[in-house]
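**Student:** Would you mind keeping the following structure in view while I ask a few things?
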Amino acid sequence: MGIDLAQFHEAFFEESFEALESMEASLLKLDVGAPDPEVINTVFRVAHSIKGGAGMFNFSDIASFTHTCETLLDGVRAGRTRLTTAVMDLLLKSVDVMREMLRAAQRKESFDPQKVADLQFDLEVAVAKNDVAAAPALAASAPAAPPSAAQAAAAAPAAEAPLPEWQISVKPLENMLSRGNEPLALFAALAEHGELAVTASVEEVPPLAKIDPHRCYVHWMLSLKSTASEQQIAEAFEWVEGDCDYRITPAAPAQAAPPKGPTAAPAAEPPSPPAPAAEAAAARPAAKADAAAPAANAGDAGSIRVSVGKIDELINTVGEVVITQSMLAQLCALVEGPSAEQLRSGLAQLERNVRELHESVMRVRMLPIGFAFSRFPRLVRDVAQRLGKQIDLKLTGEQTELDKTVLERIGDPLVHLVRNSIDHGIEMPEERVAAGKPAAGTVHLEAFHRGSAIIIEVSDDGRGLDCDRILAKARSRGLVGPSETPGEEAIFELIFLPGFSTAEQTTDLSGRGVGMDVVRRNIKSLGGKIDIRSARGRGSRFTISLPLTLAIVDGQSVCVGCETYIVPLVSIVESLQIKAGGVNRLSNAGEVISFRGDYLPLLRLHELFGVEPRSRAIHEGLVVVVEGDGQRVGLFVDDLRGQQQVVIKSLETNYGHVPGISGATILGDGAVALILDVPGLIRSTSRRVAA
Amino acid sequence: MSTGSDKSSAATIGPTAAIKPDAVLRLPPQCTIRDAAQLLGQLLLHIEHSSPVYIDAAQVERVDTATLQLLVAFLHDRKVEQRAVVWLDCSDALLRAARALGLSRDLALAPAG
């Protein structure tokens, strides 16, 4: 009889993937020449946690590999192993392998054992080589064996001033052990900060006959002598967040009172007898972290882990509530009598509440774009190294939030753009210096909100797009006629055509000609758009504009005959009535209307969708001017109805793709309305005009 | 692997002669929460023994809180009934885990004095 740990595998994988991301980010922060001990500690702790979890869940190959990696890190931490670029590469490769091993375990697939064995061998060699090399140098300054607590206290330079002391109470909750969170691992992580004394309280352990073997009844009071900040100590609890109550308090005498002598006893806090010396956890040299070291993760608030499925269910339900609410609003309009006013005011209140509820629920799905950005320091480092280029990566606006689905799907297009920037945009160092630029090129990833959209810009200070080359290539492929001379913007647009690539040699990084059209397609599938600006010799800027969410849209209902369509509010520029005779017919471009000194193509929705309109006369209907893909058109409709939030239901999932339609929704009266795909409609107009 | 003569363990090492095999509780190398329910069953079988129960933990390579907590409860229950528990042998792994969790005293594994 045993507990089925498989039910916790998914949580372990998720947490491990996150931990690996943080490990990778920390590694990239390390300065090869002078590594920050606190960052090394963080990396070590992450590896240690993954090892613990892997061991607990019986992923022995992962545990074993992580152990070797941890040994190397321990060497770096203890100063036995020098952190060279080669060691750094090994550690980064280890992160990749750990990630792949975890992914394979998650999918219950096998993982190439040779790949693991090779890297493990390299790691072991690095451990052995550096240990031997460093040993004579260290012999003079450090004892061969880890110093005992007493030795450390006596030898530490800080011996004159006692280390600050923290009291930490730890009370495991019911599921801590059964969820694979082991207090031993927690205490080991804490002991890395300094000298830890552990006092257990077993009063609540029931008689054996009544005990639940998977529940933890023991509580602890820990005393930690360390220079670490409260936040750094709290980081050790991240792994057990939600599974145990803990409180970290400074022990009064060491923190507030004037320094006591080095032999000061720990504050007599626990009710149980004070920990005897032998009970102190294996003492480690006091953490050398500089007190002024930047705090790692600021503002760690309590959080719970909820599956995306549950949130989507909630969003769907809120969507249904939105529909019901607008259904009630429609019914209410028909009600008359003394109670009608009260009913209307109640419904207005309901509408406000539903809107707030919807916003709150949507916020749950919002994640900072930093999650998508976090992969770039590594990617840029690797690509730059392979190409022999020097790149400074600048990330800004990492806290900008967007919907999880959008976030997940924007990652690949961004990777393409950044790779392209490094591969094609940034010049070789000597070329840059010759052009009077700094040897290191800059790639800048920036995110910010603009209205109800999120803008992500990828820019570089490289050579910029070469219009002549792009045009020559396009001409050689017959995409542009020999006599045509398109403008700069039109030339830039050419790079989004399928199969278009100007790279003379295709590399595995970019230049396969499959990149940019896929980038644009992916962005469009998210309801977004991408624009390019580029200046020869000065660099390029790709601007992606994306909707914040894909689930609900603010729309304007318009009617055509007996059908209702939804026009996303974000695309609407203006609605107007055109006088009779205000439409001109061009010989090759259909109908146009005059709008603020400009001529816009006119699209009659009834013609497009084959619906019988109320009237065909332009002055009897309305024109909604919409914008998409940087172009405007007028949509001729019978009438405008109200504005409302609508829940997008996928037409493609439930029916199939319809050109000019991005989805469907259910209206308050239960009728189905189609949501217009404005950029799609505009493209179809351009094609008609071009034809 | 340590033996009972390990000075640092100060485990209560009883006489090895004249011990009935059914009075010995031999802990397996892996003593973790996965098998905690099984260990609980074994401990319950030994709880009523009027003669001393001998725990042989020499083989233990890996031990966690769930296991040590069961042993704490077992030792406590036996003590309340004034029945003896004797550590025959104890591995380093178990001694280390007990120390790290602050349970050496409750497990009667703390150094003498």
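Labels for the structure tokens follow display order: chains A, B, ..., residues from 1 in each chain, ligands from 1.
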How close does range 23-67 of chain A get to range 63-68 of chain B? List, as JSON lines, each residue of range 23-67 of chain A within 12 Å, its nearest atom pair and the distance in Å to one decimal, counting only C-alpha atoms.

**Tutor:**
```
{"residue": "A:Gly52", "atom": "CA", "partner": "B:Asp64", "partner_atom": "CA", "distance": 11.3}
{"residue": "A:Gly55", "atom": "CA", "partner": "B:Asp64", "partner_atom": "CA", "distance": 11.7}
{"residue": "A:Met56", "atom": "CA", "partner": "B:Asp64", "partner_atom": "CA", "distance": 9.8}
```

**Student:** For a quick test of understanding: name the residues of chain B lying within 10 Å of chain A when counting only C-alpha atoms, and present them as an mmCIF file with C-alpha atoms, in the first residue's frame.

**Tutor:**
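Heads up, here's the output in out_24.cif:
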```cif
data_model
loop_
_atom_site.group_PDB
_atom_site.id
_atom_site.type_symbol
_atom_site.label_atom_id
_atom_site.label_comp_id
_atom_site.auth_asym_id
_atom_site.auth_seq_id
_atom_site.Cartn_x
_atom_site.Cartn_y
_atom_site.Cartn_z
ATOM 1 C CA SER B 8 28.260 10.556 17.273
ATOM 2 C CA SER B 9 25.070 8.542 17.118
ATOM 3 C CA THR B 32 9.985 7.315 2.433
ATOM 4 C CA ILE B 33 6.391 8.458 2.318
ATOM 5 C CA ARG B 34 5.744 6.073 -0.559
ATOM 6 C CA ASP B 35 5.917 3.195 1.875
ATOM 7 C CA ALA B 36 4.853 5.014 5.020
ATOM 8 C CA ALA B 37 1.526 3.199 5.181
ATOM 9 C CA GLN B 38 3.326 -0.142 5.018
ATOM 10 C CA LEU B 39 5.719 0.886 7.780
ATOM 11 C CA LEU B 40 2.786 2.034 9.888
ATOM 12 C CA GLY B 41 1.308 -1.443 9.568
ATOM 13 C CA LEU B 43 4.893 -0.643 13.646
ATOM 14 C CA LEU B 44 1.330 -1.396 14.720
ATOM 15 C CA ILE B 47 3.341 -1.839 19.363
ATOM 16 C CA VAL B 63 14.646 8.454 5.050
ATOM 17 C CA ASP B 64 12.174 11.298 5.173
ATOM 18 C CA THR B 65 9.996 13.190 7.621
ATOM 19 C CA ALA B 66 6.982 10.908 7.220
ATOM 20 C CA THR B 67 9.021 7.898 8.324
ATOM 21 C CA GLN B 69 7.402 10.973 12.412
ATOM 22 C CA LEU B 70 6.008 7.434 12.510
ATOM 23 C CA LEU B 71 9.028 6.309 14.510
ATOM 24 C CA VAL B 72 8.556 9.226 16.914
ATOM 25 C CA ALA B 73 4.924 8.177 17.448
ATOM 26 C CA PHE B 74 5.988 4.565 17.888
ATOM 27 C CA LEU B 75 8.649 5.394 20.468
ATOM 28 C CA HIS B 76 6.265 7.711 22.278
ATOM 29 C CA ASP B 77 3.452 5.135 22.442
ATOM 30 C CA ARG B 78 5.852 2.484 23.704
ATOM 31 C CA ARG B 96 21.642 12.862 9.781
ATOM 32 C CA ALA B 97 17.963 13.161 8.919
ATOM 33 C CA ALA B 98 16.965 12.951 12.580
ATOM 34 C CA ARG B 99 19.466 15.669 13.451
ATOM 35 C CA ALA B 100 18.392 17.894 10.585
ATOM 36 C CA LEU B 101 14.757 17.661 11.663
ATOM 37 C CA GLY B 102 15.554 18.209 15.330
ATOM 38 C CA LEU B 103 14.102 14.805 16.181
ATOM 39 C CA SER B 104 17.190 13.054 17.595
ATOM 40 C CA ARG B 105 15.992 13.493 21.147
ATOM 41 C CA ASP B 106 12.450 12.276 20.437
ATOM 42 C CA ALA B 110 20.637 12.167 20.804
ATOM 43 C CA PRO B 111 24.132 11.893 22.212
#
```

**Student:** Would you mind reading off the distance between CA of Phe111 in chain A and CA of Val97 in chain A, one decimal, in Å?

**Tutor:**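 Computing it gives 9.6 Å between the two atoms.
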
**Student:** Quick one: DSSP strand (DSSP E) residues in range 15-53 of chain B, as a ChimeraX atom specification?

**Tutor:** /B:24-26,30-31,53

**Student:** Suppose you want the space between CA of Ile248 in chain A and CA of Phe17 in chain A; what is it in Å?

**Tutor:**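 It comes out at 27.6 Å.
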
**Student:** If you count only C-alpha atoms, which residues fall within 7 Å of Asp517 in chain A, apart from same-chain ones fewer than 3 positions away, as a PyMOL selection string?

**Tutor:** chain A and resi 496-498+514+520-521

**Student:** Could you name the residues that touch Lys437 in chain A at 10 Å or less, counting only C-alpha atoms, but leaving out those on the same chain fewer than 5 positions away, as a PyMOL selection string?

**Tutor:** chain A and resi 427+429-432+461-462+537-538

**Student:** Would you export the selected residues with N, CA and C atoms as a tab-separated table (two decimals), in the first residue's frame, please?

**Tutor:**
```tsv
chain	number	residue	atom	x	y	z
A	427	GLU	N	25.71	44.04	-37.63
A	427	GLU	CA	26.90	43.75	-38.43
A	427	GLU	C	27.98	43.10	-37.56
A	429	PRO	N	31.51	42.94	-35.63
A	429	PRO	CA	32.09	44.04	-34.86
A	429	PRO	C	32.99	44.97	-35.68
A	430	GLU	N	33.85	44.38	-36.53
A	430	GLU	CA	34.80	45.23	-37.28
A	430	GLU	C	34.06	46.15	-38.26
A	431	GLU	N	32.99	45.58	-38.86
A	431	GLU	CA	32.18	46.36	-39.81
A	431	GLU	C	31.51	47.53	-39.09
A	432	ARG	N	31.06	47.26	-37.86
A	432	ARG	CA	30.38	48.30	-37.07
A	432	ARG	C	31.36	49.41	-36.70
A	461	ASP	N	20.15	48.29	-33.87
A	461	ASP	CA	20.89	49.41	-34.46
A	461	ASP	C	21.86	48.89	-35.51
A	462	GLY	N	21.37	47.90	-36.26
A	462	GLY	CA	22.22	47.27	-37.28
A	462	GLY	C	22.19	48.01	-38.60
A	537	GLY	N	21.58	51.61	-42.58
A	537	GLY	CA	22.76	51.90	-41.75
A	537	GLY	C	22.43	52.25	-40.31
A	538	ARG	N	21.16	52.46	-40.02
A	538	ARG	CA	20.81	52.86	-38.65
A	538	ARG	C	20.01	51.82	-37.90
```

**Student:** Quick one: distance from CA of Glu204 in chain A to CA of Arg179 in chain A in Å, one decimal?

**Tutor:**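 Distance reported for this atom pair: 20.3 Å.
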
**Student:** Which of these, A:Thr84, A:Glu341, A:Pro377, A:Val322, has the shortest distance to Asn353 in chain A once you count only C-alpha atoms?

**Tutor:** A:Val322
